[in-house]
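Since the structure comes first, as structure tokens, the remarks are kept for the end.
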Amino acid sequence: MLFSDEYKTIAKPSQGSFREKGSKFLAFAIPASSEQEVKQHLDSLRKQYYDATHHCYAYILGFDKSAYRVNDDGEPSGTAGRPIYGQLLSADLTNTLIVVVRYYGGTNLGVPGLIHAYKTAALEALNNATILTRIVKEIYEIEYPYEAMNDVMKIIKDEILEVINNEFGMKCVIRLAIRHSDAEKVVGKFSKVNQLIINYLSIS
């Protein structure tokens with residue numbers, strides 16, 4: 001197994017805020033599962049808070065946390081995106097975007113002040129979030145003759161598999177979700193059923 005088949009993410013968008021020396025930091029934690037979704041959320045926040053000084057962000061995507069990015073949006077390097085990213089790491093989250101919108105208050109905060117402000121705003125948004133643990137599942141489609149129905153249903157029952165949909169006729173087709181860590185074992189069981197064809201579709 002290349003990665004754990006459990007991961008943490010947030011259930012729905014949440015917000016937090018922080019003020020320092022007149023500057024206002026509005027933080028938004030948002031579930032996102034692709035870079036396209038990230039872009040849509042960023043575009044939406046930039047339109048909504050068009051008059052803000054900065055829109056700094058960080059995100060982590062993927063079950064294995066393989067995609068991530070930090071952006072300081074004009075703040076001194078390392079003072080915004082990286083502290084936001086640090087909060088995602090601390091909470092062990094993925095498929096999550098945090099954007100911190102800053103309204104400049106007229107007084108420079110300095111590097112330590114900026115790091116503290118962006119970190120605190122991001123943490124506030126996560127403190128207000130509902131964190132979920134999700135299971136990574138592989139999606140398969142199996143096709144088999146009607147005579148093999150009992151064997152197939154026994155495996156589904158024994159392994160407590162999630163049936164996504166099914167069609168029963170001369171040929172029976174079932175789409176299943178199998179926990180990533182159990183997939184090899186379950187596929188092995190199905191492969192022993194006479195005339196059964198199993199196809200891997202995707203991971204979710």
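Chain lettering (A, B, ...) mirrors the order of the structure tokens, residue numbering begins at 1 for each chain separately, and ligand numbering begins at 1 in order of display.
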May I have the residues within 7 Å of Gly81 in chain A as a list in words, using only C-alpha atoms and disregarding those fewer than 5 positions away in the same chain?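 Counting only the stated atoms, we get Cys56, Tyr57, Ala58, Val70, Asn71 and Asp72 of chain A.
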Report as a list in words all protein, DNA and RNA residues lying within 6 Å of Ile139 in chain A, evaluated on only C-alpha atoms, omitting residues in the same chain fewer than 6 positions from it.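 Skipping anything fewer than 6 positions along the chain leaves Leu176, Ala177, Leu201, Ser202 and Ile203 of chain A.
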So that I can see what lies close to range 43-45 of chain A, please list as a ChimeraX atom specification the residues with an atom at most 12 Å from it, counting only C-alpha atoms and leaving out residues fewer than 3 positions away in the same chain. /A:26-30,36-40,48-52,54-57,98-102
Alpha helix (DSSP H) positions in range 65-174 of chain A, given as a count of residues only: 39
DSSP-assigned strand (DSSP E or B) members of range 43-160 of chain A, reported as a PyMOL selection string: chain A and resi 54-61+67-71+93+96-103+131-135+137-145
Store the residues picked out above in a file with N, CA and C atoms, as a compact mmCIF listing (two decimals), in the first residue's frame.
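Output file out07.txt follows:
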```txt
# COMPACT_ATOMS: atom_id res chain seq x y z
N HIS A 54 -4.57 41.76 -0.28
CA HIS A 54 -3.94 40.48 -0.64
C HIS A 54 -4.95 39.34 -0.52
N HIS A 55 -4.77 38.34 -1.39
CA HIS A 55 -5.51 37.08 -1.28
C HIS A 55 -4.47 35.96 -1.24
N CYS A 56 -4.02 35.62 -0.05
CA CYS A 56 -2.97 34.61 0.14
C CYS A 56 -3.61 33.25 0.42
N TYR A 57 -2.95 32.18 -0.03
CA TYR A 57 -3.59 30.88 0.14
C TYR A 57 -2.58 29.73 0.15
N ALA A 58 -3.11 28.60 0.56
CA ALA A 58 -2.38 27.33 0.47
C ALA A 58 -3.41 26.22 0.33
N TYR A 59 -3.02 25.16 -0.36
CA TYR A 59 -3.92 24.00 -0.45
C TYR A 59 -3.11 22.72 -0.51
N ILE A 60 -3.77 21.63 -0.12
CA ILE A 60 -3.23 20.27 -0.26
C ILE A 60 -4.34 19.44 -0.90
N LEU A 61 -3.98 18.67 -1.93
CA LEU A 61 -4.95 17.84 -2.65
C LEU A 61 -4.44 16.41 -2.76
N ALA A 67 -0.36 16.82 -4.18
CA ALA A 67 -0.45 18.13 -4.81
C ALA A 67 -0.64 19.21 -3.74
N TYR A 68 0.20 20.22 -3.78
CA TYR A 68 0.05 21.31 -2.82
C TYR A 68 0.65 22.57 -3.43
N ARG A 69 0.24 23.71 -2.88
CA ARG A 69 0.79 24.98 -3.35
C ARG A 69 0.64 26.02 -2.26
N VAL A 70 1.57 26.95 -2.21
CA VAL A 70 1.46 28.10 -1.31
C VAL A 70 1.63 29.36 -2.15
N ASN A 71 0.93 30.44 -1.78
CA ASN A 71 0.99 31.69 -2.53
C ASN A 71 0.93 32.87 -1.58
N LEU A 93 -4.65 17.61 7.13
CA LEU A 93 -5.76 17.70 6.18
C LEU A 93 -5.29 17.56 4.74
N THR A 96 -8.20 20.30 0.82
CA THR A 96 -8.62 21.50 1.56
C THR A 96 -7.82 22.71 1.07
N LEU A 97 -8.54 23.81 0.86
CA LEU A 97 -7.95 25.09 0.49
C LEU A 97 -8.21 26.09 1.61
N ILE A 98 -7.19 26.86 1.98
CA ILE A 98 -7.40 27.98 2.90
C ILE A 98 -6.93 29.26 2.21
N VAL A 99 -7.83 30.22 2.15
CA VAL A 99 -7.52 31.53 1.59
C VAL A 99 -7.63 32.56 2.72
N VAL A 100 -6.62 33.40 2.88
CA VAL A 100 -6.69 34.49 3.86
C VAL A 100 -6.66 35.81 3.09
N VAL A 101 -7.74 36.55 3.22
CA VAL A 101 -7.89 37.85 2.56
C VAL A 101 -7.46 38.95 3.54
N ARG A 102 -6.55 39.82 3.11
CA ARG A 102 -6.06 40.87 4.01
C ARG A 102 -6.49 42.26 3.54
N TYR A 103 -6.99 43.02 4.47
CA TYR A 103 -7.21 44.45 4.28
C TYR A 103 -6.14 45.19 5.08
N ILE A 131 -14.17 18.50 10.89
CA ILE A 131 -13.18 17.65 10.23
C ILE A 131 -13.70 16.22 10.13
N LEU A 132 -13.60 15.66 8.93
CA LEU A 132 -14.08 14.30 8.67
C LEU A 132 -12.91 13.38 8.33
N THR A 133 -13.06 12.12 8.70
CA THR A 133 -12.12 11.10 8.23
C THR A 133 -12.82 10.30 7.14
N ARG A 134 -12.24 10.30 5.95
CA ARG A 134 -12.84 9.57 4.82
C ARG A 134 -11.97 8.35 4.47
N ILE A 135 -12.61 7.38 3.85
CA ILE A 135 -11.93 6.16 3.42
C ILE A 135 -11.70 6.21 1.91
N LYS A 137 -11.57 4.58 -1.53
CA LYS A 137 -12.20 3.38 -2.09
C LYS A 137 -11.89 3.24 -3.57
N GLU A 138 -11.75 1.99 -4.00
CA GLU A 138 -11.57 1.69 -5.41
C GLU A 138 -12.92 1.24 -5.98
N ILE A 139 -13.22 1.72 -7.17
CA ILE A 139 -14.50 1.40 -7.81
C ILE A 139 -14.26 0.33 -8.88
N TYR A 140 -15.04 -0.74 -8.80
CA TYR A 140 -14.95 -1.84 -9.76
C TYR A 140 -16.32 -2.15 -10.35
N GLU A 141 -16.31 -2.70 -11.55
CA GLU A 141 -17.54 -3.20 -12.15
C GLU A 141 -17.35 -4.69 -12.42
N ILE A 142 -18.29 -5.50 -11.95
CA ILE A 142 -18.20 -6.94 -12.20
C ILE A 142 -19.37 -7.37 -13.08
N GLU A 143 -19.08 -8.27 -13.99
CA GLU A 143 -20.09 -8.82 -14.90
C GLU A 143 -20.04 -10.34 -14.78
N TYR A 144 -21.20 -10.96 -14.62
CA TYR A 144 -21.21 -12.40 -14.39
C TYR A 144 -22.55 -12.99 -14.83
N PRO A 145 -22.59 -14.29 -15.10
CA PRO A 145 -23.85 -14.93 -15.48
C PRO A 145 -24.76 -15.09 -14.26
```
I'd like the neighbourhood of range 170-173 of chain A as a PyMOL selection string, where a residue qualifies if any of its atoms comes within 12 Å (using only C-alpha atoms), though same-chain residues fewer than 3 positions away should be ignored. chain A and resi 140-150+152-153+163-167+176+195-199
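Shell of range 110-121 of chain A at 7 Å, with only C-alpha atoms counted and residues fewer than 5 places along the chain excluded, is Gly16, Ser17, Phe18, Phe25, Leu26, Ala27, Thr79, Ala80, Pro83, Ile84, Gln87 and Val100 of chain A.
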Save the residues we just selected, N, CA and C atoms, as a tab-separated table (two decimals), in the first residue's frame?
```
chain	number	residue	atom	x	y	z
A	16	GLY	N	-12.73	32.21	9.61
A	16	GLY	CA	-12.08	32.73	10.81
A	16	GLY	C	-11.58	34.13	10.51
A	17	SER	N	-11.14	34.85	11.52
A	17	SER	CA	-10.63	36.20	11.28
A	17	SER	C	-9.61	36.57	12.36
A	18	PHE	N	-8.81	37.59	12.04
A	18	PHE	CA	-7.80	38.08	12.96
A	18	PHE	C	-7.54	39.55	12.64
A	25	PHE	N	-7.69	40.35	8.72
A	25	PHE	CA	-7.41	39.11	7.99
A	25	PHE	C	-8.65	38.21	8.06
A	26	LEU	N	-9.23	37.92	6.91
A	26	LEU	CA	-10.41	37.05	6.84
A	26	LEU	C	-9.97	35.72	6.24
A	27	ALA	N	-10.19	34.64	6.96
A	27	ALA	CA	-9.73	33.32	6.51
A	27	ALA	C	-10.91	32.45	6.10
A	79	THR	N	5.84	34.69	4.33
A	79	THR	CA	5.11	35.24	5.47
A	79	THR	C	3.61	34.93	5.47
A	80	ALA	N	3.08	34.39	4.35
A	80	ALA	CA	1.63	34.19	4.25
A	80	ALA	C	1.27	32.76	3.86
A	83	PRO	N	2.80	29.91	6.32
A	83	PRO	CA	2.11	29.73	7.60
A	83	PRO	C	0.71	29.13	7.45
A	84	ILE	N	0.01	29.48	6.36
A	84	ILE	CA	-1.31	28.89	6.10
A	84	ILE	C	-1.15	27.39	5.84
A	87	GLN	N	-0.70	25.24	8.86
A	87	GLN	CA	-1.92	24.87	9.60
A	87	GLN	C	-2.61	23.66	8.98
A	100	VAL	N	-6.62	33.40	2.88
A	100	VAL	CA	-6.69	34.49	3.86
A	100	VAL	C	-6.66	35.81	3.09
```
Shortest interatomic distance to Ala32 in chain A - which of A:Asn95, A:Gly74, A:Gly106, A:Asn128, counting only C-alpha atoms: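 Nearest to Ala32 in chain A: A:Asn95.
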Determine, counting only C-alpha atoms, which protein, DNA and RNA residues have an atom within 12 Å of an atom of Ile155 in chain A; residues of the same chain fewer than 6 positions away are not included. Present the result as an MDAnalysis selection string. chainID A and resid 148:149 161:163 176 178 185:193
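Relative to CA of Asp64 in chain A, CA of Glu6 in chain A is found at 9.5 Å.
Take CA of Ser90 in chain A and CA of Leu123 in chain A: the distance between them is 9.6 Å.
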